[in-house]
file model21.cif (mmCIF, C-alpha atoms; chains and numbers go by the auth columns)
data_coords
loop_
_atom_site.group_PDB
_atom_site.id
_atom_site.type_symbol
_atom_site.label_atom_id
_atom_site.label_comp_id
_atom_site.label_asym_id
_atom_site.label_seq_id
_atom_site.Cartn_x
_atom_site.Cartn_y
_atom_site.Cartn_z
_atom_site.B_iso_or_equiv
_atom_site.auth_seq_id
_atom_site.auth_asym_id
ATOM 1 C CA MET A 1 -6.360 124.422 -62.713 0.00 211 A
ATOM 2 C CA GLU A 2 -9.089 122.480 -60.895 0.00 212 A
ATOM 3 C CA HIS A 3 -11.826 124.461 -59.158 0.00 213 A
ATOM 4 C CA ALA A 4 -11.033 122.936 -55.744 0.00 214 A
ATOM 5 C CA GLN A 5 -7.385 124.015 -56.036 0.00 215 A
ATOM 6 C CA LEU A 6 -8.414 127.553 -57.001 0.00 216 A
ATOM 7 C CA VAL A 7 -10.758 127.773 -54.005 0.00 217 A
ATOM 8 C CA LYS A 8 -7.970 126.614 -51.685 0.00 218 A
ATOM 9 C CA ILE A 9 -5.566 129.214 -53.091 0.00 219 A
ATOM 10 C CA SER A 10 -8.255 131.909 -52.860 0.00 220 A
ATOM 11 C CA LYS A 11 -8.753 131.126 -49.175 0.00 221 A
ATOM 12 C CA ARG A 12 -4.998 131.326 -48.554 0.00 222 A
ATOM 13 C CA MET A 13 -4.887 134.640 -50.408 0.00 223 A
ATOM 14 C CA SER A 14 -7.799 136.001 -48.348 0.00 224 A
ATOM 15 C CA LYS A 15 -6.120 134.999 -45.112 0.00 225 A
ATOM 16 C CA ALA A 16 -2.868 136.683 -46.149 0.00 226 A
ATOM 17 C CA LEU A 17 -4.478 139.889 -47.431 0.00 227 A
ATOM 18 C CA ARG A 18 -7.222 140.249 -44.821 0.00 228 A
ATOM 19 C CA HIS A 19 -6.069 138.696 -41.574 0.00 229 A
ATOM 20 C CA GLU A 20 -2.470 137.469 -41.274 0.00 230 A
ATOM 21 C CA PRO A 21 -0.113 139.140 -43.762 0.00 231 A
ATOM 22 C CA ALA A 22 2.885 138.809 -41.430 0.00 232 A
ATOM 23 C CA ARG A 23 2.414 135.036 -41.282 0.00 233 A
ATOM 24 C CA VAL A 24 3.560 134.811 -44.910 0.00 234 A
ATOM 25 C CA GLY A 25 6.082 137.666 -44.633 0.00 235 A
ATOM 26 C CA LEU A 26 3.943 140.441 -46.119 0.00 236 A
ATOM 27 C CA VAL A 27 3.496 144.027 -44.977 0.00 237 A
ATOM 28 C CA LEU A 28 0.361 145.752 -46.254 0.00 238 A
ATOM 29 C CA ASP A 29 0.433 149.489 -46.846 0.00 239 A
ATOM 30 C CA SER A 30 -2.154 151.723 -45.143 0.00 240 A
ATOM 31 C CA GLY A 31 -4.713 150.924 -47.865 0.00 241 A
ATOM 32 C CA GLY A 32 -4.181 147.164 -47.637 0.00 242 A
ATOM 33 C CA TRP A 33 -2.093 146.950 -50.838 0.00 243 A
ATOM 34 C CA VAL A 34 1.044 144.873 -51.383 0.00 244 A
ATOM 35 C CA PRO A 35 3.195 144.681 -54.536 0.00 245 A
ATOM 36 C CA VAL A 36 2.144 141.759 -56.738 0.00 246 A
ATOM 37 C CA ALA A 37 5.728 140.519 -57.084 0.00 247 A
ATOM 38 C CA GLU A 38 6.100 140.286 -53.284 0.00 248 A
ATOM 39 C CA PHE A 39 2.700 138.625 -53.012 0.00 249 A
ATOM 40 C CA LEU A 40 3.525 135.969 -55.606 0.00 250 A
ATOM 41 C CA ALA A 41 6.780 135.134 -53.828 0.00 251 A
ATOM 42 C CA ALA A 42 5.117 134.980 -50.397 0.00 252 A
ATOM 43 C CA MET A 43 2.229 132.830 -51.623 0.00 253 A
ATOM 44 C CA ARG A 44 4.480 130.653 -53.817 0.00 254 A
ATOM 45 C CA ILE A 45 2.166 130.923 -56.812 0.00 255 A
ATOM 46 C CA ASP A 46 2.758 132.110 -60.357 0.00 256 A
ATOM 47 C CA ARG A 47 1.128 135.067 -62.086 0.00 257 A
ATOM 48 C CA ALA A 48 -1.172 132.897 -64.209 0.00 258 A
ATOM 49 C CA THR A 49 -2.588 131.287 -61.064 0.00 259 A
ATOM 50 C CA LEU A 50 -3.071 134.682 -59.419 0.00 260 A
ATOM 51 C CA ASP A 51 -4.905 135.987 -62.479 0.00 261 A
ATOM 52 C CA GLU A 52 -7.086 132.880 -62.605 0.00 262 A
ATOM 53 C CA VAL A 53 -8.054 133.199 -58.927 0.00 263 A
ATOM 54 C CA VAL A 54 -8.769 136.941 -59.185 0.00 264 A
ATOM 55 C CA ALA A 55 -10.813 136.612 -62.388 0.00 265 A
ATOM 56 C CA GLY A 56 -12.699 133.525 -61.241 0.00 266 A
ATOM 57 C CA ASN A 57 -13.592 134.637 -57.733 0.00 267 A
ATOM 58 C CA ASP A 58 -17.382 134.746 -57.598 0.00 268 A
ATOM 59 C CA LYS A 59 -17.381 137.468 -54.952 0.00 269 A
ATOM 60 C CA GLN A 60 -14.589 139.546 -56.519 0.00 270 A
ATOM 61 C CA ARG A 61 -12.659 139.519 -53.263 0.00 271 A
ATOM 62 C CA PHE A 62 -9.465 140.939 -54.746 0.00 272 A
ATOM 63 C CA ALA A 63 -8.392 144.047 -56.632 0.00 273 A
ATOM 64 C CA VAL A 64 -5.242 144.433 -58.710 0.00 274 A
ATOM 65 C CA ALA A 65 -4.147 147.942 -59.698 0.00 275 A
ATOM 66 C CA VAL A 66 -1.082 149.924 -60.678 0.00 276 A
ATOM 67 C CA GLY A 67 -0.091 152.491 -58.065 0.00 277 A
ATOM 68 C CA VAL A 68 1.058 156.051 -58.757 0.00 278 A
ATOM 69 C CA ASP A 69 4.619 154.729 -58.565 0.00 279 A
ATOM 70 C CA GLY A 70 3.938 152.334 -61.458 0.00 280 A
ATOM 71 C CA VAL A 71 4.103 149.231 -59.235 0.00 281 A
ATOM 72 C CA GLU A 72 1.312 146.704 -59.655 0.00 282 A
ATOM 73 C CA ARG A 73 -0.364 145.873 -56.350 0.00 283 A
ATOM 74 C CA ILE A 74 -3.052 143.570 -54.962 0.00 284 A
ATOM 75 C CA ARG A 75 -5.424 143.849 -52.008 0.00 285 A
ATOM 76 C CA ALA A 76 -8.596 142.326 -50.607 0.00 286 A
ATOM 77 C CA ASN A 77 -11.631 144.502 -51.320 0.00 287 A
ATOM 78 C CA GLN A 78 -12.987 144.241 -47.762 0.00 288 A
ATOM 79 C CA GLY A 79 -13.246 141.913 -44.770 0.00 289 A
ATOM 80 C CA HIS A 80 -9.993 142.866 -43.069 0.00 290 A
ATOM 81 C CA SER A 81 -9.308 142.172 -39.421 0.00 291 A
ATOM 82 C CA VAL A 82 -5.974 144.027 -39.648 0.00 292 A
ATOM 83 C CA PRO A 83 -5.965 147.838 -39.714 0.00 293 A
ATOM 84 C CA VAL A 84 -6.374 149.227 -43.247 0.00 294 A
ATOM 85 C CA GLU A 85 -8.034 152.292 -44.724 0.00 295 A
ATOM 86 C CA LEU A 86 -9.940 151.220 -47.823 0.00 296 A
ATOM 87 C CA GLY A 87 -10.778 154.782 -48.864 0.00 297 A
ATOM 88 C CA LEU A 88 -14.471 154.028 -49.289 0.00 298 A
ATOM 89 C CA ALA A 89 -16.892 156.900 -49.800 0.00 299 A
ATOM 90 C CA GLU A 90 -20.229 156.987 -48.010 0.00 300 A
ATOM 91 C CA ALA A 91 -23.089 155.776 -50.195 0.00 301 A
ATOM 92 C CA ALA A 92 -26.863 155.771 -49.886 0.00 302 A
ATOM 93 C CA PRO A 93 -27.979 152.136 -49.654 0.00 303 A
ATOM 94 C CA PRO A 94 -31.053 150.632 -51.283 0.00 304 A
ATOM 95 C CA GLU A 95 -34.089 150.263 -49.034 0.00 305 A
ATOM 96 C CA LEU A 96 -33.362 146.592 -48.386 0.00 306 A
ATOM 97 C CA LEU A 97 -30.122 144.659 -48.077 0.00 307 A
ATOM 98 C CA PHE A 98 -29.576 141.047 -47.035 0.00 308 A
ATOM 99 C CA HIS A 99 -27.358 139.101 -44.671 0.00 309 A
ATOM 100 C CA GLY A 100 -26.786 135.358 -44.869 0.00 310 A
ATOM 101 C CA THR A 101 -25.906 133.611 -41.657 0.00 311 A
ATOM 102 C CA ALA A 102 -26.075 130.273 -39.884 0.00 312 A
ATOM 103 C CA ALA A 103 -29.376 129.483 -38.174 0.00 313 A
ATOM 104 C CA ALA A 104 -27.380 128.833 -34.990 0.00 314 A
ATOM 105 C CA SER A 105 -26.527 132.575 -34.846 0.00 315 A
ATOM 106 C CA LEU A 106 -30.144 133.762 -34.801 0.00 316 A
ATOM 107 C CA SER A 107 -30.644 134.036 -31.030 0.00 317 A
ATOM 108 C CA SER A 108 -27.560 136.227 -30.687 0.00 318 A
ATOM 109 C CA ILE A 109 -28.575 138.364 -33.681 0.00 319 A
ATOM 110 C CA ARG A 110 -32.098 138.821 -32.278 0.00 320 A
ATOM 111 C CA ALA A 111 -30.582 140.060 -29.013 0.00 321 A
ATOM 112 C CA THR A 112 -27.730 142.284 -30.222 0.00 322 A
ATOM 113 C CA GLY A 113 -28.166 142.712 -33.976 0.00 323 A
ATOM 114 C CA ILE A 114 -25.555 141.946 -36.604 0.00 324 A
ATOM 115 C CA ASN A 115 -22.119 142.897 -35.334 0.00 325 A
ATOM 116 C CA ARG A 116 -18.855 143.112 -37.222 0.00 326 A
ATOM 117 C CA GLY A 117 -16.928 140.833 -34.885 0.00 327 A
ATOM 118 C CA GLY A 118 -13.219 141.136 -35.643 0.00 328 A
ATOM 119 C CA ARG A 119 -13.764 142.768 -39.043 0.00 329 A
ATOM 120 C CA HIS A 120 -13.931 146.449 -39.934 0.00 330 A
ATOM 121 C CA HIS A 121 -17.584 146.295 -41.012 0.00 331 A
ATOM 122 C CA VAL A 122 -20.716 144.186 -41.224 0.00 332 A
ATOM 123 C CA HIS A 123 -21.072 142.830 -44.780 0.00 333 A
ATOM 124 C CA LEU A 124 -24.463 143.040 -46.469 0.00 334 A
ATOM 125 C CA SER A 125 -25.524 141.725 -49.862 0.00 335 A
ATOM 126 C CA PRO A 126 -27.665 143.467 -52.479 0.00 336 A
ATOM 127 C CA ASP A 127 -29.602 140.265 -53.246 0.00 337 A
ATOM 128 C CA THR A 128 -30.733 137.091 -51.528 0.00 338 A
ATOM 129 C CA GLY A 129 -28.709 134.799 -53.800 0.00 339 A
ATOM 130 C CA THR A 130 -25.419 136.369 -52.752 0.00 340 A
ATOM 131 C CA ALA A 131 -26.500 136.407 -49.108 0.00 341 A
ATOM 132 C CA ARG A 132 -27.361 132.713 -49.332 0.00 342 A
ATOM 133 C CA ARG A 133 -23.887 131.868 -50.738 0.00 343 A
ATOM 134 C CA VAL A 134 -22.230 133.882 -47.968 0.00 344 A
ATOM 135 C CA GLY A 135 -24.314 132.261 -45.234 0.00 345 A
ATOM 136 C CA ALA A 136 -23.754 128.765 -46.607 0.00 346 A
ATOM 137 C CA ARG A 137 -20.001 129.027 -46.015 0.00 347 A
ATOM 138 C CA ARG A 138 -20.584 128.476 -42.299 0.00 348 A
ATOM 139 C CA GLY A 139 -22.260 125.116 -42.830 0.00 349 A
ATOM 140 C CA GLY A 140 -25.547 123.955 -41.385 0.00 350 A
ATOM 141 C CA ALA A 141 -28.871 125.631 -42.065 0.00 351 A
ATOM 142 C CA THR A 142 -28.617 129.056 -43.685 0.00 352 A
ATOM 143 C CA VAL A 143 -30.953 131.939 -42.865 0.00 353 A
ATOM 144 C CA ILE A 144 -31.333 135.085 -44.974 0.00 354 A
ATOM 145 C CA LEU A 145 -32.060 138.204 -42.926 0.00 355 A
ATOM 146 C CA THR A 146 -33.599 141.308 -44.491 0.00 356 A
ATOM 147 C CA VAL A 147 -31.991 144.545 -43.327 0.00 357 A
ATOM 148 C CA LEU A 148 -33.972 147.800 -43.461 0.00 358 A
ATOM 149 C CA ALA A 149 -30.970 149.680 -44.829 0.00 359 A
ATOM 150 C CA GLY A 150 -32.850 152.730 -46.088 0.00 360 A
ATOM 151 C CA GLU A 151 -34.440 153.202 -42.677 0.00 361 A
ATOM 152 C CA MET A 152 -31.037 152.746 -41.024 0.00 362 A
ATOM 153 C CA ALA A 153 -29.471 155.392 -43.272 0.00 363 A
ATOM 154 C CA ARG A 154 -32.289 157.839 -42.533 0.00 364 A
ATOM 155 C CA GLY A 155 -31.639 157.130 -38.846 0.00 365 A
ATOM 156 C CA GLY A 156 -28.015 158.218 -39.148 0.00 366 A
ATOM 157 C CA HIS A 157 -26.193 154.960 -39.868 0.00 367 A
ATOM 158 C CA THR A 158 -23.417 155.216 -42.449 0.00 368 A
ATOM 159 C CA PHE A 159 -23.063 152.827 -45.376 0.00 369 A
ATOM 160 C CA TYR A 160 -20.279 152.203 -47.857 0.00 370 A
ATOM 161 C CA ARG A 161 -20.260 150.164 -51.054 0.00 371 A
ATOM 162 C CA SER A 162 -17.038 148.344 -51.893 0.00 372 A
ATOM 163 C CA ASP A 163 -15.773 147.976 -55.457 0.00 373 A
ATOM 164 C CA ASN A 164 -17.229 144.471 -55.661 0.00 374 A
ATOM 165 C CA GLY A 165 -20.744 145.507 -54.642 0.00 375 A
ATOM 166 C CA VAL A 166 -20.689 144.463 -50.988 0.00 376 A
ATOM 167 C CA TRP A 167 -22.452 146.932 -48.698 0.00 377 A
ATOM 168 C CA LEU A 168 -20.647 147.756 -45.457 0.00 378 A
ATOM 169 C CA THR A 169 -21.791 149.351 -42.200 0.00 379 A
ATOM 170 C CA ASP A 170 -20.583 149.365 -38.605 0.00 380 A
ATOM 171 C CA GLU A 171 -23.504 147.383 -37.169 0.00 381 A
ATOM 172 C CA VAL A 172 -27.130 146.449 -37.767 0.00 382 A
ATOM 173 C CA PRO A 173 -29.184 146.977 -34.596 0.00 383 A
ATOM 174 C CA PRO A 174 -31.908 144.359 -34.085 0.00 384 A
ATOM 175 C CA GLU A 175 -34.744 146.810 -34.768 0.00 385 A
ATOM 176 C CA PHE A 176 -33.571 147.105 -38.392 0.00 386 A
ATOM 177 C CA ILE A 177 -33.793 143.357 -39.068 0.00 387 A
ATOM 178 C CA LYS A 178 -37.125 142.510 -40.666 0.00 388 A
ATOM 179 C CA ASN A 179 -37.037 138.736 -40.164 0.00 389 A
ATOM 180 C CA GLY A 180 -35.051 136.254 -38.160 0.00 390 A
#
call {"tool": "encode", "arguments": {"input": "model21.cif", "output": "structure tokens"}}
result
Amino acid sequence: MEHAQLVKISKRMSKALRHEPARVGLVLDSGGWVPVAEFLAAMRIDRATLDEVVAGNDKQRFAVAVGVDGVERIRANQGHSVPVELGLAEAAPPELLFHGTAAASLSSIRATGINRGGRHHVHLSPDTGTARRVGARRGGATVILTVLAGEMARGGHTFYRSDNGVWLTDEVPPEFIKNG
């Protein structure tokens, strides 16, 4: 399948698994999982397409696993705006993490820090390349902010690391942003 088609399907999948499951007739369990068979029917895609999107997603947005009941399920790894409990354990972050954003957001970030908005957490990247790709999705000029994550953790802020390597926290106060 063409790359552009896969990206379009990936975006539809993200919307269904992270933000609007009811819009396509899905009900996520408390952990954000839905049976693969139900997901395929709701999304009107076949299993080969699902596998291609999951395997080819550069940010590993999705997880597929077999539940204790033997049913194969899918979920988004993070980024939900609907209530889910991802079961993430606290983790000690590296000293520095990175956040890619649009240059137009800088004045707000300088004033209030990086906030989660409608999501469960702020998403931080372990490297500048990933942060740049994330920030570029918004269009316009991209800015990479350096977050003093180690200092934040020592100050009592909690961090989690999702299965796909994205670092998550509730907020990044402005005093922990090195540049921007």
call {"tool": "closest_atom_pairs", "arguments": {"input": "model21.cif", "of": "range 286-380 of chain A", "to": "range 224-244 of chain A", "cutoff": "12 Å", "atoms": "only C-alpha atoms", "output": "Markdown table"}}
result
| residue | atom | partner | partner_atom | distance |
| --- | --- | --- | --- | --- |
| A:Ala286 | CA | A:Leu227 | CA | 5.7 |
| A:Asn287 | CA | A:Gly242 | CA | 8.7 |
| A:Gln288 | CA | A:Arg228 | CA | 7.6 |
| A:Gly289 | CA | A:Arg228 | CA | 6.2 |
| A:His290 | CA | A:Arg228 | CA | 4.2 |
| A:Ser291 | CA | A:His229 | CA | 5.2 |
| A:Val292 | CA | A:His229 | CA | 5.7 |
| A:Pro293 | CA | A:Ser240 | CA | 7.7 |
| A:Val294 | CA | A:Gly241 | CA | 5.2 |
| A:Glu295 | CA | A:Gly241 | CA | 4.8 |
| A:Leu296 | CA | A:Gly241 | CA | 5.2 |
| A:Gly297 | CA | A:Gly241 | CA | 7.3 |
| A:Leu298 | CA | A:Gly241 | CA | 10.3 |
| A:Gly328 | CA | A:His229 | CA | 9.6 |
| A:Arg329 | CA | A:His229 | CA | 9.1 |
| A:His330 | CA | A:Arg228 | CA | 10.4 |
call {"tool": "write_last_selection", "arguments": {"input": "model21.cif", "atoms": "C-alpha atoms", "output": "PDB file, keeping the file's coordinate frame"}}
result
ATOM      1  CA  ALA A 286      -8.596 142.326 -50.607  1.00  0.00           C
ATOM      2  CA  ASN A 287     -11.631 144.502 -51.320  1.00  0.00           C
ATOM      3  CA  GLN A 288     -12.987 144.241 -47.762  1.00  0.00           C
ATOM      4  CA  GLY A 289     -13.246 141.913 -44.770  1.00  0.00           C
ATOM      5  CA  HIS A 290      -9.993 142.866 -43.069  1.00  0.00           C
ATOM      6  CA  SER A 291      -9.308 142.172 -39.421  1.00  0.00           C
ATOM      7  CA  VAL A 292      -5.974 144.027 -39.648  1.00  0.00           C
ATOM      8  CA  PRO A 293      -5.965 147.838 -39.714  1.00  0.00           C
ATOM      9  CA  VAL A 294      -6.374 149.227 -43.247  1.00  0.00           C
ATOM     10  CA  GLU A 295      -8.034 152.292 -44.724  1.00  0.00           C
ATOM     11  CA  LEU A 296      -9.940 151.220 -47.823  1.00  0.00           C
ATOM     12  CA  GLY A 297     -10.778 154.782 -48.864  1.00  0.00           C
ATOM     13  CA  LEU A 298     -14.471 154.028 -49.289  1.00  0.00           C
ATOM     14  CA  GLY A 328     -13.219 141.136 -35.643  1.00  0.00           C
ATOM     15  CA  ARG A 329     -13.764 142.768 -39.043  1.00  0.00           C
ATOM     16  CA  HIS A 330     -13.931 146.449 -39.934  1.00  0.00           C
TER      17      HIS A 330
END
call {"tool": "residues_around", "arguments": {"input": "model21.cif", "residues": "Pro304 in chain A", "least_positions_apart": "4", "cutoff": "10 Å", "atoms": "all atoms listed in the file", "output": "PyMOL selection string"}}
result
chain A and resi 336+358-361+363+377
call {"tool": "residues_near_point", "arguments": {"input": "model21.cif", "point": "(-20.0, 148.2, -52.5)", "cutoff": "10 Å", "atoms": "only C-alpha atoms", "output": "PyMOL selection string"}}
result
chain A and resi 287-288+298-301+303+333-336+369-378
call {"tool": "atom_distance", "arguments": {"input": "model21.cif", "atom1": "CA of Ala265 in chain A", "atom2": "CA of Gln215 in chain A"}}
result
14.5 Å
call {"tool": "residues_around", "arguments": {"input": "model21.cif", "residues": "Ile354 in chain A", "least_positions_apart": "3", "cutoff": "8 Å", "atoms": "all atoms listed in the file", "output": "list of chain:residue names"}}
result
A:Phe308, A:His309, A:Gly310, A:Thr311, A:Thr338, A:Ala341, A:Arg342, A:Gly345, A:Gly390
call {"tool": "write_last_selection", "arguments": {"input": "model21.cif", "atoms": "C-alpha atoms", "output": "compact mmCIF listing (two decimals), in the coordinates of the input"}}
result
# COMPACT_ATOMS: atom_id res chain seq x y z
CA PHE A 308 -29.58 141.05 -47.04
CA HIS A 309 -27.36 139.10 -44.67
CA GLY A 310 -26.79 135.36 -44.87
CA THR A 311 -25.91 133.61 -41.66
CA THR A 338 -30.73 137.09 -51.53
CA ALA A 341 -26.50 136.41 -49.11
CA ARG A 342 -27.36 132.71 -49.33
CA GLY A 345 -24.31 132.26 -45.23
CA GLY A 390 -35.05 136.25 -38.16
call {"tool": "atom_distance", "arguments": {"input": "model21.cif", "atom1": "CA of Val217 in chain A", "atom2": "CA of Val332 in chain A"}}
result
23.1 Å
call {"tool": "atom_distance", "arguments": {"input": "model21.cif", "atom1": "CA of Ala275 in chain A", "atom2": "CA of Glu248 in chain A"}}
result
14.3 Å
call {"tool": "residues_around", "arguments": {"input": "model21.cif", "residues": "range 320-324 of chain A", "least_positions_apart": "4", "cutoff": "9 Å", "atoms": "all atoms listed in the file", "output": "list in words"}}
result
His309, Ser315, Leu316, Val332, Glu381, Val382, Pro383, Pro384, Glu385, Phe386, Ile387 and Gly390 of chain A
call {"tool": "axis_aligned_box", "arguments": {"input": "model21.cif", "around": "range 253-262 of chain A", "padding_each_side": "3 Å", "output": "JSON"}}
result
{"center_x": -1.3, "center_y": 133.3, "center_z": -57.9, "size_x": 17.6, "size_y": 11.3, "size_z": 18.6}
call {"tool": "resolve_selection", "arguments": {"input": "model21.cif", "expression": "the PyMOL selection byres ((chain A and resi 283) around 9)", "output": "ChimeraX atom specification"}}
result
/A:243-247,249,273-277,281-282,284-285
call {"tool": "residues_around", "arguments": {"input": "model21.cif", "residues": "Ser220 in chain A", "least_positions_apart": "6", "cutoff": "12 Å", "atoms": "all atoms listed in the file", "output": "MDAnalysis selection string"}}
result
chainID A and resid 213:214 226:228 253 255 259:272 286
